[in-house]
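Trainee: Questions regarding the structure given below will be posed in turn.
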Amino acid sequence: MKANKPDVLYVRMLGGFSVQYNGKLIAGGSKATDSQFTDLLQILIHSRDGVTRDKLEELLFYERDISNVHHALQSVIYNSKKKLEKAGLPKVQYIVQKKGVFFWTDEIPMEVDADLFLNTIENAKKKEDIHAR
């Protein structure tokens with residue numbers, strides 16, 4: 001997947017996880033030290049229908065003994081927003097919360113390699129159906 005359109009978030013999920021914006025690596029790849037930030041992005045981008053607060057807390061903190069998990073989640077989200085702004089993404093509400101369910105914003109165009117792969121498979125199936133007649 002070539003990251004050549006400006007102002008598009010390029011997400012690689014196949015063969016490793018990474019996020020690029022305007023040619024700059026935002027998460028994954030050599031930035032593996034930001035594990036909670038990377039995990040949060042991966043969970044939200046993968047869970048297009050949203051993820052509940054409880055599930056998100058479980059996925060982010062499952063092996064850690066944290067006294068106030070809700071506060072820890074809010075802290076990770078706050079720090080992630082600051083990193084995204086610092087990386088040059090437009091100032092929007094990156095992580096949207098509606099009735100206890102968290103979503104990645106739809107305000108930033110995104111291209112995900114896994115989606116492109118699935119679309120290619122679906123298109124190939126349609127072409128097979130046409131030739132099978």
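Letters for chains follow the order of the structure tokens (A, B, ...), residue numbers begin at 1 for each chain, and ligand numbers begin at 1 in the order shown.
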If you run DSSP on the backbone, which residues of stretch 47-131 of chain A are alpha helix (DSSP H), as a PyMOL selection string?
Mentor: chain A and resi 53-61+69-86+113-131
Trainee: Would you kindly return, as a list in words, each protein, DNA or RNA residue with an atom no farther than 9 Å from any atom of stretch 74-87 of chain A, considering only C-alpha atoms and excluding same-chain residues fewer than 2 positions away?
Mentor: Tyr21, Lys24, Leu25, Ile26, Gln36, Phe37, Thr38, Leu40, Leu41, Val69, His70, His71, Ala72, Leu89, Pro90, Lys91, Val92, Gln93, Tyr94 and Ile95 of chain A
Trainee: Chain A: which residues are strand (DSSP E or B) by DSSP, as a list in words?
Mentor: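 Result set for chain A (strand (DSSP E or B)): Leu9, Tyr10, Val11, Arg12, Ser18, Val19, Gln20, Tyr21, Lys24, Leu25, Ile26, Ala27, Gly28, Lys31, Val51, Thr52, Ile95, Val96, Gln97, Lys98, Val101, Phe102, Phe103, Trp104, Met110, Glu111 and Val112 of chain A.
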Trainee: Since we have the selection now, will you write its residues out, keeping N, CA and C atoms, as a tab-separated table (two decimals), in the first residue's frame?
Mentor:
```tsv
chain	number	residue	atom	x	y	z
A	9	LEU	N	-5.02	8.92	6.34
A	9	LEU	CA	-4.39	8.06	7.32
A	9	LEU	C	-4.21	6.69	6.68
A	10	TYR	N	-2.98	6.25	6.54
A	10	TYR	CA	-2.68	4.95	5.95
A	10	TYR	C	-2.40	3.95	7.07
A	11	VAL	N	-3.19	2.88	7.09
A	11	VAL	CA	-3.09	1.88	8.15
A	11	VAL	C	-2.69	0.55	7.55
A	12	ARG	N	-1.60	0.00	8.07
A	12	ARG	CA	-1.17	-1.34	7.66
A	12	ARG	C	-1.50	-2.29	8.79
A	18	SER	N	1.01	-0.57	11.45
A	18	SER	CA	1.60	0.77	11.43
A	18	SER	C	0.58	1.76	10.89
A	19	VAL	N	0.76	3.01	11.29
A	19	VAL	CA	-0.11	4.09	10.84
A	19	VAL	C	0.77	5.23	10.36
A	20	GLN	N	0.48	5.73	9.16
A	20	GLN	CA	1.21	6.87	8.59
A	20	GLN	C	0.23	7.97	8.22
A	21	TYR	N	0.72	9.20	8.36
A	21	TYR	CA	-0.07	10.35	7.94
A	21	TYR	C	0.88	11.35	7.29
A	24	LYS	N	4.52	10.52	7.50
A	24	LYS	CA	5.13	10.41	8.83
A	24	LYS	C	4.55	9.20	9.56
A	25	LEU	N	5.44	8.37	10.12
A	25	LEU	CA	5.01	7.22	10.90
A	25	LEU	C	4.42	7.72	12.22
A	26	ILE	N	3.17	7.35	12.47
A	26	ILE	CA	2.46	7.79	13.68
A	26	ILE	C	2.51	6.71	14.75
A	27	ALA	N	2.34	5.46	14.36
A	27	ALA	CA	2.30	4.35	15.32
A	27	ALA	C	2.79	3.08	14.63
A	28	GLY	N	3.26	2.15	15.45
A	28	GLY	CA	3.74	0.87	14.94
A	28	GLY	C	5.13	1.00	14.37
A	31	LYS	N	8.08	2.61	16.16
A	31	LYS	CA	7.52	3.31	17.34
A	31	LYS	C	6.85	2.31	18.29
A	51	VAL	N	-16.28	-0.15	20.22
A	51	VAL	CA	-15.91	-1.07	21.30
A	51	VAL	C	-16.35	-0.45	22.62
A	52	THR	N	-16.97	-1.26	23.46
A	52	THR	CA	-17.47	-0.75	24.74
A	52	THR	C	-16.31	-0.37	25.66
A	95	ILE	N	-11.13	10.23	18.87
A	95	ILE	CA	-11.79	9.10	19.52
A	95	ILE	C	-13.15	9.58	20.00
A	96	VAL	N	-14.17	9.05	19.39
A	96	VAL	CA	-15.55	9.46	19.66
A	96	VAL	C	-16.16	8.46	20.63
A	97	GLN	N	-16.88	8.99	21.62
A	97	GLN	CA	-17.57	8.14	22.57
A	97	GLN	C	-19.06	8.44	22.51
A	98	LYS	N	-19.85	7.40	22.30
A	98	LYS	CA	-21.31	7.53	22.29
A	98	LYS	C	-21.89	6.42	23.15
A	101	VAL	N	-19.63	3.60	24.17
A	101	VAL	CA	-18.97	2.88	23.06
A	101	VAL	C	-18.01	3.85	22.39
A	102	PHE	N	-16.78	3.37	22.17
A	102	PHE	CA	-15.73	4.20	21.58
A	102	PHE	C	-15.53	3.84	20.12
A	103	PHE	N	-15.31	4.88	19.29
A	103	PHE	CA	-15.11	4.74	17.86
A	103	PHE	C	-13.93	5.60	17.43
A	104	TRP	N	-13.27	5.20	16.33
A	104	TRP	CA	-12.30	6.07	15.68
A	104	TRP	C	-13.09	7.04	14.81
A	110	MET	N	-9.29	7.48	5.67
A	110	MET	CA	-8.41	6.40	6.09
A	110	MET	C	-8.37	5.33	5.01
A	111	GLU	N	-7.20	4.79	4.78
A	111	GLU	CA	-7.03	3.67	3.86
A	111	GLU	C	-6.36	2.55	4.63
A	112	VAL	N	-7.03	1.41	4.70
A	112	VAL	CA	-6.55	0.27	5.48
A	112	VAL	C	-6.23	-0.87	4.52
```
Trainee: Smallest atom-to-atom distance to A:Arg53: which of A:Gly23, A:Gly100, A:Gly29, A:Gly15, using only C-alpha atoms?
Mentor: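 For A:Arg53, the nearest of the given residues is A:Gly100.
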Trainee: Would you please work out which residue, of A:Lys55, A:Lys127, A:Ile108, A:Asp113, is nearest to A:Phe17 when using only C-alpha atoms?
Mentor: A:Asp113
Trainee: For a test of reading the model, state the distance in Å between atom CA of A:Lys5 and atom CA of A:Asp49, rounded to one decimal.
Mentor: 25.6 Å
Trainee: Would you please work out which residue, of A:Asn68, A:Met13, A:Ile43, A:Asn22, is nearest to A:Leu56 when using only C-alpha atoms?
Mentor: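 When distances to A:Leu56 are compared using only C-alpha atoms, the smallest one comes from A:Ile43.
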Trainee: So how far away is atom CA of A:Asn123 from atom CA of A:Ser47, in Å?
Mentor: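 Computing it gives 23.1 Å between the two atoms.
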